[in-house]
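Encoded as structure tokens, the structure appears first; notes follow it.
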Amino acid sequence: MNRKTLVLPAVVGLLAPALAACGGSGSGDGDDAIAVGTTDAFAISKEVPAPFDPAYAYDAGSWSLLRQTVQGLMALPRAGGDPQPEAAEQCGFTDTGNERYSCTLRKGLTFSDGEPLTAADVKFSIERVRDIKIKDPSGSDALVANVEEIETQGDREVIFHLKSPDATFPYKLATPTAGIVSKDHYPKNKLRDGFEVSGSGPYIAEQEVDGDRLVKTVFTKNPKYKGEFKPQSDKVELRSFDDTKSMGEALEDGDIDLMARTMSPEQVRDLDASSDKKIDLVEMQGLEIRYLAFNTNAPVAKSKAVRQAMAQVVDRGALASSVYGPTAEPLFSLVPSTITGHANSFFNKYGNPSPAKARALLDKANISTPVKLTLHYTTDHYGPATKKEFELLRKQLNDSGLFDVSIKGVPWGTFRPAERDGKYAVYGMGWFPDFPDADSFIAPFLDKGNFLGSPYANPDIIDQLIPTSRREADRLAASKSIRKIQDIVAEDVPVLPLWQGKQYIAARDDITGVEWALNSSSSLQLWELGRGVSG
């Protein structure tokens, strides 16, 4: 295995990515658990009572854990492309309008506790996510909100009747939000509090907890699993670290075998330049984006001119290169450049950074300068470089002479509920798509019930362009509507795209399947990991 394996991204939705091979298949023999490090922090709090309930979980870290244990009707194939049946034996639209979707379950499905898994469980699980009423919704229910009725025929047939056409529905069934759970363990009208998670997936999870904090999850192969995945190891451990430094040291010392989220830019540079043949750095397709979001009802962000002026001043190139180096590149739209339908709408409208043009926008709107505002960011969710990123954003905006910006970092457990409650005028967020399609970079921010809780609502986008794009099974044909949406966003600036990232994994050289260990949504696929022979 080479020290570095490069996986080049393709245009998602048109071609499956061509992945470079790295090692062979692990045997999965013995009890030698593969240890995986992460800086994702999981804690129970009043604001986050059930981080792993499919009706609540809606971030890359939680979805990583859910994908190992909770099975869906559909799943994304390891090499990309259209979703394929997983708990289902077959699925497909049964009408010409993409409004009726039918699935047949595999024979003999059971949950990990041995109880049968039937069509009634599928109906219960998705209706539960759609209908459950909780105080602080995460926004994940939007993925199944278009389901009007679920019909079952016997134990194996499930038919979804949609409120409106949606060619992306198979992708949504491949998300953990649509995972199948048992009514014996998940109450219908409330969340399953705590860290426990169970289903019919390839692994059974057992958690090690310290107070309200999850320290380690041990995944053991589920002997009752029936699906497309073929676990390469009997046991995998996911260990949480407080920071990237301690995680990296654990990899170097051999205490863990692999680390992924979230490696620092400095670690990527050092590993890229390292001559240590015992650790391999693997680069793979990444669809992560970062952006500023605006509460368009807040006094300081209510004026479109203020938001446009910020878009005119921010230097994305400097931000990406200075803070993130090889791990990021500038982003000029909500839709990344590797997704079908991408348009450089922000660059087309604003061009290169120009304080003079920004001043003209503010003067025309009779807005006094400097505009005083606070940029909020989370201190413990997107990696250690976030603070440096916001320090540079502050400098860029203040150096223009048009803004008086301060920054404030807040832990994720406090940040996310406050953001949804509209307490921040301008705040930084990251996004890992629910599935690799432009719809997953548009609807979550701009549709009704969006996960940001944003008051911005454009009727052309909501009532015409999103529905039109979803009618197109050919996603290239949907690009016209998708590009119009991006142009409207560049004009109104309810969000300000900053950069898109690359994904990296570092692993010891006896670990196989590393090139398959992250999907396009940055969720771990631990079943792909095996242990081979050290080089």
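Just remember, in the structure tokens the first chain shown is A, the second B, etc., residues are 1-based per chain, and ligands are 1-based in the order shown.
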Assign secondary structure with DSSP using the backbone only, and return the residues of stretch 137-362 of chain A in alpha helix (DSSP H) as a PyMOL selection string. chain A and resi 169-173+244-253+265-273+304-313+316-319+345-350+355-362
Do a neighbour search on A:Tyr350 at 9 Å with only C-alpha atoms, toss out local chain neighbours closer than 6 positions, and write the hits as a VMD selection string. chain A and resid 308 311 to 312 357 490
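Checking A:Ser164, A:Ser354, A:Ser45, A:Thr38 one by one against A:Phe195, counting only C-alpha atoms, you find the shortest gap at A:Ser45.
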May I have the residues within 7 Å of A:Phe241 as number ranges by chain, using only C-alpha atoms and disregarding those fewer than 6 positions away in the same chain? A: 37-39, 247
Output all heavy atoms for every residue in that selection, as a PDB file, in the first residue's frame.
```
ATOM      1  N   GLY A  37     -10.681   6.257  15.837  1.00  0.00           N
ATOM      2  CA  GLY A  37     -10.755   7.477  16.621  1.00  0.00           C
ATOM      3  C   GLY A  37     -11.614   8.534  15.951  1.00  0.00           C
ATOM      4  O   GLY A  37     -11.671   8.639  14.724  1.00  0.00           O
ATOM      5  N   THR A  38     -12.290   9.329  16.769  1.00  0.00           N
ATOM      6  CA  THR A  38     -13.092  10.446  16.276  1.00  0.00           C
ATOM      7  C   THR A  38     -13.057  11.572  17.297  1.00  0.00           C
ATOM      8  O   THR A  38     -12.876  11.324  18.496  1.00  0.00           O
ATOM      9  CB  THR A  38     -14.558  10.024  16.034  1.00  0.00           C
ATOM     10  OG1 THR A  38     -15.310  11.160  15.571  1.00  0.00           O
ATOM     11  CG2 THR A  38     -15.207   9.508  17.307  1.00  0.00           C
ATOM     12  N   THR A  39     -13.204  12.794  16.829  1.00  0.00           N
ATOM     13  CA  THR A  39     -13.353  13.923  17.752  1.00  0.00           C
ATOM     14  C   THR A  39     -14.818  14.325  17.897  1.00  0.00           C
ATOM     15  O   THR A  39     -15.117  15.316  18.557  1.00  0.00           O
ATOM     16  CB  THR A  39     -12.529  15.135  17.284  1.00  0.00           C
ATOM     17  OG1 THR A  39     -12.915  15.490  15.953  1.00  0.00           O
ATOM     18  CG2 THR A  39     -11.043  14.835  17.320  1.00  0.00           C
ATOM     19  N   MET A 247      -5.824  12.431  19.481  1.00  0.00           N
ATOM     20  CA  MET A 247      -6.225  11.370  18.559  1.00  0.00           C
ATOM     21  C   MET A 247      -5.050  10.972  17.665  1.00  0.00           C
ATOM     22  O   MET A 247      -4.800   9.782  17.430  1.00  0.00           O
ATOM     23  CB  MET A 247      -7.419  11.825  17.714  1.00  0.00           C
ATOM     24  CG  MET A 247      -7.936  10.771  16.755  1.00  0.00           C
ATOM     25  SD  MET A 247      -9.502  11.200  15.930  1.00  0.00           S
ATOM     26  CE  MET A 247      -8.997  12.633  14.942  1.00  0.00           C
TER      27      MET A 247
END
```
Can I get the residues of stretch 304-375 of chain A within 12 Å of stretch 381-387 of chain A, each with the closest pair of atoms and their distance in Å to one decimal, using only C-alpha atoms, sorted chain first then ascending number, as a tab-separated table?
```
residue	atom	partner	partner_atom	distance
A:Leu319	CA	A:Thr386	CA	10.9
A:Ala320	CA	A:Ala385	CA	10.8
A:Ser322	CA	A:Ala385	CA	10.5
A:Val323	CA	A:Ala385	CA	6.7
A:Tyr324	CA	A:Ala385	CA	7.4
A:Gly325	CA	A:Ala385	CA	10.8
A:Thr327	CA	A:Ala385	CA	11.2
A:Ala328	CA	A:Ala385	CA	11.7
A:Leu375	CA	A:Lys387	CA	11.0
```
Running DSSP on the backbone, which parts of stretch 186-392 of chain A land in strand (DSSP E), as a PyMOL selection string? chain A and resi 203-210+213-221+235-240+258-259+279-284+289-294+328-330+371-378
Contacts of stretch 451-460 of chain A at 8 Å (only C-alpha atoms; same-chain gap of 5+ positions) as an mmCIF file with N, CA and C atoms, in the first residue's frame:
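Output saved as out20.cif:
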```cif
data_model
loop_
_atom_site.group_PDB
_atom_site.id
_atom_site.type_symbol
_atom_site.label_atom_id
_atom_site.label_comp_id
_atom_site.auth_asym_id
_atom_site.auth_seq_id
_atom_site.Cartn_x
_atom_site.Cartn_y
_atom_site.Cartn_z
ATOM 1 N N SER A 138 -34.840 18.520 15.238
ATOM 2 C CA SER A 138 -33.550 18.743 14.587
ATOM 3 C C SER A 138 -33.705 19.133 13.131
ATOM 4 N N GLY A 139 -34.858 18.837 12.551
ATOM 5 C CA GLY A 139 -35.080 19.112 11.140
ATOM 6 C C GLY A 139 -35.000 17.887 10.272
ATOM 7 N N SER A 140 -34.614 16.734 10.856
ATOM 8 C CA SER A 140 -34.469 15.513 10.059
ATOM 9 C C SER A 140 -35.807 15.015 9.521
ATOM 10 N N ALA A 142 -37.903 16.483 7.909
ATOM 11 C CA ALA A 142 -38.170 17.016 6.568
ATOM 12 C C ALA A 142 -37.895 15.969 5.486
ATOM 13 N N PHE A 294 -27.789 33.468 8.020
ATOM 14 C CA PHE A 294 -28.335 34.722 8.541
ATOM 15 C C PHE A 294 -29.750 34.507 9.067
ATOM 16 N N ASN A 295 -30.023 35.077 10.214
ATOM 17 C CA ASN A 295 -31.398 35.205 10.676
ATOM 18 C C ASN A 295 -31.945 36.474 10.036
ATOM 19 N N THR A 296 -32.666 36.312 8.957
ATOM 20 C CA THR A 296 -33.092 37.468 8.158
ATOM 21 C C THR A 296 -34.168 38.300 8.857
ATOM 22 N N ASN A 297 -34.584 37.889 10.053
ATOM 23 C CA ASN A 297 -35.485 38.723 10.861
ATOM 24 C C ASN A 297 -34.724 39.571 11.871
ATOM 25 N N GLU A 419 -29.204 28.571 17.830
ATOM 26 C CA GLU A 419 -29.330 28.933 16.411
ATOM 27 C C GLU A 419 -30.750 28.696 15.915
ATOM 28 N N ARG A 420 -31.317 27.534 16.252
ATOM 29 C CA ARG A 420 -32.672 27.223 15.808
ATOM 30 C C ARG A 420 -33.711 28.150 16.434
ATOM 31 N N ASP A 421 -33.413 28.654 17.617
ATOM 32 C CA ASP A 421 -34.345 29.570 18.286
ATOM 33 C C ASP A 421 -34.204 31.003 17.800
ATOM 34 N N GLY A 422 -33.313 31.236 16.834
ATOM 35 C CA GLY A 422 -33.163 32.574 16.264
ATOM 36 C C GLY A 422 -32.393 33.543 17.126
ATOM 37 N N PRO A 444 -32.772 21.505 2.443
ATOM 38 C CA PRO A 444 -32.597 21.645 3.893
ATOM 39 C C PRO A 444 -32.426 23.086 4.363
ATOM 40 N N PHE A 445 -32.013 23.986 3.462
ATOM 41 C CA PHE A 445 -31.808 25.384 3.827
ATOM 42 C C PHE A 445 -32.955 26.294 3.394
ATOM 43 N N LEU A 446 -33.676 25.897 2.361
ATOM 44 C CA LEU A 446 -34.574 26.837 1.693
ATOM 45 C C LEU A 446 -36.028 26.402 1.641
ATOM 46 N N LEU A 465 -39.603 25.955 -7.974
ATOM 47 C CA LEU A 465 -38.329 25.415 -8.436
ATOM 48 C C LEU A 465 -37.948 24.094 -7.761
ATOM 49 N N PRO A 494 -29.457 34.554 1.904
ATOM 50 C CA PRO A 494 -29.883 34.046 3.208
ATOM 51 C C PRO A 494 -28.793 33.198 3.855
#
```
Which of these residues is nearest to A:Arg106, using only C-alpha atoms: A:Glu151, A:Glu86, A:Glu127, A:Glu283?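 Among A:Glu151, A:Glu86, A:Glu127, A:Glu283, it is A:Glu86 that comes nearest to A:Arg106.
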May I have the residues within 6 Å of A:Ile279 as a PyMOL selection string, using only C-alpha atoms and disregarding those fewer than 4 positions away in the same chain? chain A and resi 507-509
Polymer residues at most 8 Å from A:Val314, only C-alpha atoms, same-chain spacing of 3 or more positions, as an MDAnalysis selection string: chainID A and resid 310:311 353 393 396:397
Measuring between only C-alpha atoms, which one of A:Val181, A:Val306, A:Leu258, A:Ala205 shows the shortest distance to A:Lys278? A:Leu258
With only C-alpha atoms as the atoms that count, which of A:Leu66, A:Arg316, A:Ala506, A:Ile367 lies nearest to A:Lys302?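 Among the listed residues, the smallest separation from A:Lys302 belongs to A:Ile367.
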Distance atom CA of A:Phe169-atom CA of A:Arg128, one decimal place?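 Value for the atom CA of A:Phe169-atom CA of A:Arg128 distance: 17.4 Å.
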From the options A:Thr374, A:Asn366, A:Asn398, A:Asn519, which residue's atoms come nearest to A:Trp63, counting only C-alpha atoms?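 Nearest candidate to A:Trp63 out of A:Thr374, A:Asn366, A:Asn398, A:Asn519: A:Asn519.
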Calculated over only C-alpha atoms, which of the candidates A:His376, A:Arg100, A:Pro165, A:Asp155 has the smallest distance to A:Arg471? A:Pro165
